[in-house]
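> See data01.cif below, with mmCIF, C-alpha atoms.
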```cif
data_my_file
#
loop_
_atom_site.label_atom_id
_atom_site.label_comp_id
_atom_site.auth_asym_id
_atom_site.auth_seq_id
_atom_site.Cartn_x
_atom_site.Cartn_y
_atom_site.Cartn_z
CA MET W 213 0.00 0.00 0.00
CA SER W 214 1.36 3.44 -0.96
CA GLU W 215 2.19 5.95 1.74
CA TRP W 216 -0.51 8.38 0.48
CA LYS W 217 -3.11 5.65 0.48
CA LYS W 218 -2.21 4.75 4.08
CA ARG W 219 -2.53 8.39 5.10
CA CYS W 220 -5.96 8.67 3.47
CA GLU W 221 -7.19 5.49 5.14
CA ALA W 222 -5.97 6.57 8.58
CA GLU W 223 -6.83 10.26 8.56
CA CYS W 224 -10.19 9.93 6.77
CA SER W 225 -11.40 6.89 8.73
CA LEU W 226 -11.78 4.82 5.56
CA GLN W 227 -11.24 1.40 7.12
CA GLY W 228 -13.36 -1.04 5.16
CA ALA W 229 -13.99 1.34 2.27
CA PRO W 230 -13.03 0.38 -1.31
CA MET W 231 -9.67 1.97 -2.06
CA PRO W 232 -8.47 0.91 -5.52
CA ASP W 233 -4.74 1.10 -6.19
CA THR W 234 -5.44 2.85 -9.52
CA LEU W 235 -6.39 6.09 -7.77
CA ASP W 236 -3.94 8.96 -7.38
CA TRP W 237 -3.96 8.91 -3.60
CA LYS W 238 -1.77 11.98 -3.23
CA SER W 239 -4.42 13.99 -5.15
CA VAL W 240 -7.14 12.53 -2.92
CA TYR W 241 -5.12 13.41 0.18
CA ASP W 242 -4.53 16.96 -1.03
CA ALA W 243 -8.22 17.44 -1.94
CA LYS W 244 -9.42 16.17 1.45
CA PRO W 245 -12.96 15.58 0.14
CA LEU W 246 -14.30 14.02 3.34
CA GLY W 247 -15.39 16.07 6.32
CA ARG W 248 -15.16 19.50 4.68
CA ASN W 249 -17.79 21.79 3.22
CA LEU W 250 -18.03 21.23 -0.53
CA LEU W 251 -20.11 24.36 -1.18
CA LYS W 252 -18.36 27.49 -2.35
CA ASN W 253 -19.00 30.79 -0.58
CA PRO W 254 -21.32 29.33 2.09
CA SER W 255 -22.24 32.70 3.65
CA PRO W 256 -22.69 35.08 0.71
CA HIS W 257 -24.68 37.66 2.71
CA GLY W 258 -21.56 38.35 4.75
CA VAL W 259 -23.06 37.37 8.10
CA SER W 260 -22.25 34.51 10.47
CA LYS W 261 -24.66 32.13 12.16
CA ASP W 262 -22.40 32.36 15.22
CA THR W 263 -23.52 35.94 15.92
CA PRO W 264 -27.10 37.25 16.14
CA PRO W 265 -28.58 38.34 12.81
CA PRO W 266 -28.50 42.10 12.28
CA GLU W 267 -31.63 44.10 12.97
CA PRO W 268 -33.23 45.44 9.78
CA ASP W 269 -32.52 49.04 8.82
CA LEU W 270 -35.70 51.10 8.64
CA PRO W 271 -35.71 53.49 5.66
CA GLU W 272 -35.62 57.17 6.64
CA GLU W 273 -38.09 57.91 3.86
CA PRO W 274 -40.07 55.78 1.38
CA THR W 275 -38.11 54.41 -1.55
CA ARG W 276 -39.22 55.96 -4.81
CA GLY W 277 -39.47 54.11 -8.08
CA PRO W 278 -40.10 50.43 -8.80
CA PRO W 279 -39.55 47.84 -6.04
CA GLN W 280 -36.02 46.48 -5.70
CA PHE W 281 -35.53 42.83 -4.77
CA GLN W 282 -31.78 42.26 -5.11
CA PRO W 283 -30.31 41.62 -1.63
CA HIS W 284 -26.88 42.84 -0.63
CA GLY W 285 -24.11 40.27 -0.78
CA GLU W 286 -21.31 38.72 -2.80
CA PHE W 287 -22.82 35.71 -4.56
CA SER W 288 -19.84 34.24 -6.44
CA GLY W 289 -20.18 30.46 -6.76
CA TRP W 290 -23.98 30.67 -6.71
CA THR W 291 -26.56 30.85 -9.48
CA THR W 292 -29.25 33.31 -8.35
CA SER W 293 -32.70 34.30 -9.54
CA THR W 294 -35.68 36.31 -8.26
CA GLU W 295 -39.37 35.48 -8.52
CA THR W 296 -41.74 38.35 -7.70
CA LEU W 297 -45.02 37.18 -6.21
CA ALA W 298 -48.49 38.62 -6.79
CA TYR W 299 -50.00 40.93 -4.19
CA ASP W 300 -51.93 39.00 -1.53
CA SER W 301 -55.15 40.73 -0.46
CA SER W 302 -56.87 37.61 0.91
CA GLY W 303 -56.80 38.82 4.54
CA ILE W 304 -58.17 42.30 3.90
CA PRO W 305 -61.81 42.84 4.98
CA ALA W 306 -64.27 43.89 2.32
CA GLY W 307 -64.50 47.68 2.03
CA ALA W 308 -61.23 48.32 3.84
CA VAL W 309 -59.05 51.09 2.43
CA ILE W 310 -55.42 50.06 2.04
CA CYS W 311 -52.78 52.60 1.07
CA GLU W 312 -50.11 50.05 0.17
CA LEU W 313 -49.58 46.31 0.35
CA PRO W 314 -46.26 44.54 0.84
CA LEU W 315 -44.84 42.94 -2.27
CA TYR W 316 -42.98 39.68 -1.74
CA SER W 317 -40.41 37.79 -3.76
CA TRP W 318 -38.40 34.58 -3.58
CA PHE W 319 -34.63 34.92 -3.96
CA THR W 320 -33.22 31.58 -5.14
CA MET W 321 -29.59 30.51 -4.69
CA GLU W 322 -28.26 27.21 -6.04
CA GLN W 323 -25.03 25.30 -6.59
CA VAL W 324 -24.11 21.95 -8.11
CA VAL W 325 -21.30 20.04 -6.37
CA ASP W 326 -19.28 17.66 -8.59
CA LEU W 327 -18.33 14.94 -6.11
CA LYS W 328 -15.63 13.33 -8.29
CA ALA W 329 -14.07 16.70 -9.07
CA GLU W 330 -13.89 17.35 -5.32
CA GLY W 331 -11.80 14.19 -4.86
CA LEU W 332 -14.31 11.40 -4.20
CA TRP W 333 -14.26 8.20 -6.24
CA GLU W 334 -16.89 5.98 -7.80
CA GLU W 335 -16.26 2.88 -5.70
CA LEU W 336 -16.65 4.89 -2.50
CA LEU W 337 -19.89 6.53 -3.65
CA ASP W 338 -21.43 3.38 -5.12
CA ASP W 339 -20.39 0.66 -2.66
CA PHE W 340 -19.57 2.42 0.60
CA GLN W 341 -22.20 5.18 0.21
CA PRO W 342 -20.87 7.61 2.82
CA GLU W 343 -23.36 9.92 4.46
CA ILE W 344 -23.99 13.23 2.68
CA VAL W 345 -24.89 15.80 5.32
CA ILE W 346 -26.82 18.95 4.44
CA GLN W 347 -26.95 21.90 6.84
CA ASP W 348 -28.25 25.43 6.42
CA TRP W 349 -29.18 28.40 8.60
CA TYR W 350 -31.69 31.13 7.83
CA GLU W 351 -32.73 34.31 9.59
CA GLU W 352 -36.03 34.38 11.45
CA SER W 353 -36.97 37.58 9.63
CA GLN W 354 -40.67 37.60 10.63
CA LEU W 355 -41.62 38.81 7.15
CA HIS W 356 -44.14 36.07 6.43
CA ASN W 357 -45.34 32.65 7.59
CA SER W 358 -43.18 31.07 4.87
CA ILE W 359 -39.74 32.63 4.39
CA TYR W 360 -37.45 29.69 3.59
CA GLN W 361 -37.42 26.63 1.32
CA LEU W 362 -34.70 24.00 0.82
CA HIS W 363 -34.47 21.47 -2.00
CA VAL W 364 -31.43 19.17 -2.34
CA LYS W 365 -31.09 16.48 -5.00
CA LEU W 366 -28.51 13.72 -5.43
CA LEU W 367 -27.93 13.39 -9.16
CA GLY W 368 -26.45 10.77 -11.46
CA ALA W 369 -23.61 11.23 -13.93
CA ASP W 370 -25.92 12.94 -16.44
CA ARG W 371 -26.60 15.74 -13.92
CA SER W 372 -30.37 15.26 -14.36
CA SER W 373 -31.33 11.79 -13.05
CA VAL W 374 -32.54 12.22 -9.46
CA ILE W 375 -31.39 9.34 -7.23
CA SER W 376 -32.58 10.86 -3.96
CA GLU W 377 -33.91 14.24 -2.83
CA HIS W 378 -35.02 16.17 0.23
CA THR W 379 -37.29 19.20 0.59
CA ALA W 380 -37.92 21.39 3.64
CA GLU W 381 -40.53 24.16 3.81
CA PRO W 382 -40.83 25.23 7.46
CA THR W 383 -43.72 27.38 8.64
CA GLU W 384 -42.91 30.29 10.93
CA ASP W 385 -44.60 30.96 14.25
CA ARG W 386 -45.15 34.71 14.38
CA SER W 387 -47.33 34.75 17.49
CA ALA W 388 -44.41 36.30 19.41
CA TYR W 389 -41.45 38.27 18.09
CA SER W 390 -38.24 36.29 17.71
CA HIS W 391 -35.18 37.12 15.62
CA THR W 392 -32.62 34.32 15.63
CA TRP W 393 -30.93 31.88 13.24
CA LYS W 394 -32.89 28.70 12.50
CA GLU W 395 -31.18 25.48 11.46
CA VAL W 396 -32.33 23.12 8.71
CA SER W 397 -30.47 19.84 8.19
CA HIS W 398 -30.76 16.44 6.55
CA VAL W 399 -28.56 13.35 6.20
CA PHE W 400 -28.63 11.28 3.02
CA SER W 401 -27.70 7.64 3.64
CA GLY W 402 -28.33 4.36 1.84
CA TYR W 403 -29.12 6.33 -1.30
CA GLY W 404 -27.96 3.67 -3.76
CA PRO W 405 -25.25 3.64 -6.44
CA GLY W 406 -24.72 6.21 -9.13
CA VAL W 407 -24.57 9.51 -7.21
CA ARG W 408 -22.08 11.92 -8.80
CA PHE W 409 -23.49 15.40 -8.13
CA VAL W 410 -25.33 17.24 -5.36
CA HIS W 411 -27.71 20.01 -6.38
CA PHE W 412 -28.24 22.41 -3.46
CA GLN W 413 -30.98 25.04 -3.69
CA HIS W 414 -32.57 27.28 -1.12
CA ARG W 415 -35.07 30.12 -1.46
CA LEU W 416 -35.37 33.13 0.84
CA LYS W 417 -38.41 35.38 0.98
CA ASN W 418 -37.92 39.13 0.74
CA GLN W 419 -40.39 41.99 1.14
CA PHE W 420 -40.71 45.43 -0.37
CA LEU W 421 -42.85 47.99 1.49
CA ASN W 422 -41.46 51.54 1.27
CA GLY W 423 -38.08 49.85 1.23
CA PHE W 424 -36.38 46.47 0.94
CA TYR W 425 -36.49 43.91 3.77
CA GLY W 426 -34.70 40.62 3.28
CA THR W 427 -34.23 37.20 4.82
CA LEU W 428 -30.59 36.20 5.29
CA SER W 429 -28.85 32.83 5.18
CA SER W 430 -25.52 31.68 6.58
CA GLY W 431 -23.36 28.57 6.90
CA SER W 432 -24.82 26.54 4.04
CA SER W 433 -22.96 23.23 3.77
CA VAL W 434 -22.70 19.92 1.96
CA VAL W 435 -20.35 17.55 3.80
CA VAL W 436 -19.53 13.92 2.96
CA ARG W 437 -18.85 11.90 6.11
CA PRO W 438 -16.80 8.68 5.97
CA ILE W 439 -19.44 6.59 7.75
CA ARG W 440 -20.64 3.34 6.24
CA THR W 441 -24.39 3.15 5.79
CA SER W 442 -26.40 0.37 7.44
CA THR W 443 -27.46 -2.53 5.26
#
```
Could you take the file, read its structure, and then write that structure out as structure tokens?

Amino acid sequence: MSEWKKRCEAECSLQGAPMPDTLDWKSVYDAKPLGRNLLKNPSPHGVSKDTPPPEPDLPEEPTRGPPQFQPHGEFSGWTTSTETLAYDSSGIPAGAVICELPLYSWFTMEQVVDLKAEGLWEELLDDFQPEIVIQDWYEESQLHNSIYQLHVKLLGADRSSVISEHTAEPTEDRSAYSHTWKEVSHVFSGYGPGVRFVHFQHRLKNQFLNGFYGTLSSGSSVVVRPIRTST
């Protein structure tokens, strides 16, 4: 056994995992694909889940012109898009006079992780099937009953075949004011052979009412853990 292969087996807890001699084990060792976050730029809003989320800035005067829905941040590594939602007047009593309604939008951020490019190998993914751990944090912004959605898919080599997926759409309790970070997590295990990519997508709800009010995220992660799944 090569020295680099021995180091990988010992430091990555790969005892019992398929470790073919044909692999470039120095490249695997340098890539360190196990136990690290495979997402790029996991906190693009520039805030940390380890400190309280910032209080929203109230505009000194109403914003003129069309609504703006682009949040502040540096979103390199992410594909982003915005979906503006229709005005919701369902809760307004008949005959009530409303000067202005809030306008909501979904801000979508997504990444595709290439597991082989990150240093993992087919035999490990297909036979050993290490756990793929998803974790995300979003701000309890109190803007709406639904402010966050998560959708993660494990994809085959063609980048389109869905082998396994997980969706989370939490509902907010706004009966009392609270402004903290909320965790969403999921562990993929026993997902079957063929996984080569992880598609990570979350959506954050924003509001425009005389100014922009957003929902922040922080600490998004996709981590492959060297733990053998139960059979």
> Determine, counting only C-alpha atoms, which protein, DNA and RNA residues have an atom within 12 Å of an atom of Glu223 (chain W); residues of the same chain fewer than 3 positions away are not included. Present the result as an MDAnalysis selection string.
chainID W and resid 216:220 226:227 240:242 244:247 438
> What would the selection look like, as a PyMOL selection string, if the PyMOL selection byres ((chain W and resi 333) around 10) were run on the coordinates I just shared?
chain W and resi 230-232+235+240+245+327-332+334-338+408
> List every protein, DNA or RNA residue with an atom no more than 6 Å from (-24.3, 12.9, -9.7) in the file's coordinates, counting only C-alpha atoms, and format the result as a ChimeraX atom specification.
/W:367-369,371,407-409
> Using the chain letters and numbers from the file, give me the residues hit by the PyMOL selection byres ((chain W and resi 415-420) around 10), as a VMD selection string.
chain W and resid 275 278 to 283 292 to 297 313 to 322 350 to 351 353 355 to 363 381 413 to 414 421 to 429
> Could you save the residues just selected, with C-alpha atoms, as a PDB file, in the frame of the given file?

```pdb
ATOM      1  CA  THR W 275     -38.110  54.410  -1.550  1.00  0.00           C
ATOM      2  CA  PRO W 278     -40.100  50.430  -8.800  1.00  0.00           C
ATOM      3  CA  PRO W 279     -39.550  47.840  -6.040  1.00  0.00           C
ATOM      4  CA  GLN W 280     -36.020  46.480  -5.700  1.00  0.00           C
ATOM      5  CA  PHE W 281     -35.530  42.830  -4.770  1.00  0.00           C
ATOM      6  CA  GLN W 282     -31.780  42.260  -5.110  1.00  0.00           C
ATOM      7  CA  PRO W 283     -30.310  41.620  -1.630  1.00  0.00           C
ATOM      8  CA  THR W 292     -29.250  33.310  -8.350  1.00  0.00           C
ATOM      9  CA  SER W 293     -32.700  34.300  -9.540  1.00  0.00           C
ATOM     10  CA  THR W 294     -35.680  36.310  -8.260  1.00  0.00           C
ATOM     11  CA  GLU W 295     -39.370  35.480  -8.520  1.00  0.00           C
ATOM     12  CA  THR W 296     -41.740  38.350  -7.700  1.00  0.00           C
ATOM     13  CA  LEU W 297     -45.020  37.180  -6.210  1.00  0.00           C
ATOM     14  CA  LEU W 313     -49.580  46.310   0.350  1.00  0.00           C
ATOM     15  CA  PRO W 314     -46.260  44.540   0.840  1.00  0.00           C
ATOM     16  CA  LEU W 315     -44.840  42.940  -2.270  1.00  0.00           C
ATOM     17  CA  TYR W 316     -42.980  39.680  -1.740  1.00  0.00           C
ATOM     18  CA  SER W 317     -40.410  37.790  -3.760  1.00  0.00           C
ATOM     19  CA  TRP W 318     -38.400  34.580  -3.580  1.00  0.00           C
ATOM     20  CA  PHE W 319     -34.630  34.920  -3.960  1.00  0.00           C
ATOM     21  CA  THR W 320     -33.220  31.580  -5.140  1.00  0.00           C
ATOM     22  CA  MET W 321     -29.590  30.510  -4.690  1.00  0.00           C
ATOM     23  CA  GLU W 322     -28.260  27.210  -6.040  1.00  0.00           C
ATOM     24  CA  TYR W 350     -31.690  31.130   7.830  1.00  0.00           C
ATOM     25  CA  GLU W 351     -32.730  34.310   9.590  1.00  0.00           C
ATOM     26  CA  SER W 353     -36.970  37.580   9.630  1.00  0.00           C
ATOM     27  CA  LEU W 355     -41.620  38.810   7.150  1.00  0.00           C
ATOM     28  CA  HIS W 356     -44.140  36.070   6.430  1.00  0.00           C
ATOM     29  CA  ASN W 357     -45.340  32.650   7.590  1.00  0.00           C
ATOM     30  CA  SER W 358     -43.180  31.070   4.870  1.00  0.00           C
ATOM     31  CA  ILE W 359     -39.740  32.630   4.390  1.00  0.00           C
ATOM     32  CA  TYR W 360     -37.450  29.690   3.590  1.00  0.00           C
ATOM     33  CA  GLN W 361     -37.420  26.630   1.320  1.00  0.00           C
ATOM     34  CA  LEU W 362     -34.700  24.000   0.820  1.00  0.00           C
ATOM     35  CA  HIS W 363     -34.470  21.470  -2.000  1.00  0.00           C
ATOM     36  CA  GLU W 381     -40.530  24.160   3.810  1.00  0.00           C
ATOM     37  CA  GLN W 413     -30.980  25.040  -3.690  1.00  0.00           C
ATOM     38  CA  HIS W 414     -32.570  27.280  -1.120  1.00  0.00           C
ATOM     39  CA  LEU W 421     -42.850  47.990   1.490  1.00  0.00           C
ATOM     40  CA  ASN W 422     -41.460  51.540   1.270  1.00  0.00           C
ATOM     41  CA  GLY W 423     -38.080  49.850   1.230  1.00  0.00           C
ATOM     42  CA  PHE W 424     -36.380  46.470   0.940  1.00  0.00           C
ATOM     43  CA  TYR W 425     -36.490  43.910   3.770  1.00  0.00           C
ATOM     44  CA  GLY W 426     -34.700  40.620   3.280  1.00  0.00           C
ATOM     45  CA  THR W 427     -34.230  37.200   4.820  1.00  0.00           C
ATOM     46  CA  LEU W 428     -30.590  36.200   5.290  1.00  0.00           C
ATOM     47  CA  SER W 429     -28.850  32.830   5.180  1.00  0.00           C
TER      48      SER W 429
END
```
> One decimal, in Å: what's the spacing between CA of Leu366 (chain W) and CA of Val325 (chain W)?
9.6 Å
> Which is closest to Thr234 (chain W) among W:Tyr389, W:Ser214, W:Leu250, W:Glu221, if we use all atoms listed in the file?
W:Ser214
> Quick one: which residues end up in the PyMOL selection byres ((chain W and resi 411) around 6) for this structure, as a list of chain:residue names?
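Expected selection for the PyMOL selection byres ((chain W and resi 411) around 6) here is W:Gln323, W:Val324, W:Val364, W:Lys365, W:Val410, W:Phe412.
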> Once you have the residues from the selection above, write them out as a compact mmCIF listing (two decimals), in the frame of the given file, restricted to C-alpha atoms.

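Contents of result_15.txt, as written:
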```txt
# COMPACT_ATOMS: atom_id res chain seq x y z
CA GLN W 323 -25.03 25.30 -6.59
CA VAL W 324 -24.11 21.95 -8.11
CA VAL W 364 -31.43 19.17 -2.34
CA LYS W 365 -31.09 16.48 -5.00
CA VAL W 410 -25.33 17.24 -5.36
CA PHE W 412 -28.24 22.41 -3.46
```
> Please indicate the distance in Å from CA of Ser432 (chain W) to CA of Ser260 (chain W), rounded to one decimal place.
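Taking CA of Ser432 (chain W) and CA of Ser260 (chain W), their separation equals 10.6 Å.
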> Hey, could you pull the box centre and edge lengths for region 358-374 of chain W, axis-aligned, 4 Å padding per side, all listed atoms, to one decimal in Å, as AutoDock Vina command-line options?

```
--center_x -33.4 --center_y 21.7 --center_z -5.8 --size_x 27.6 --size_y 29.9 --size_z 29.3
```
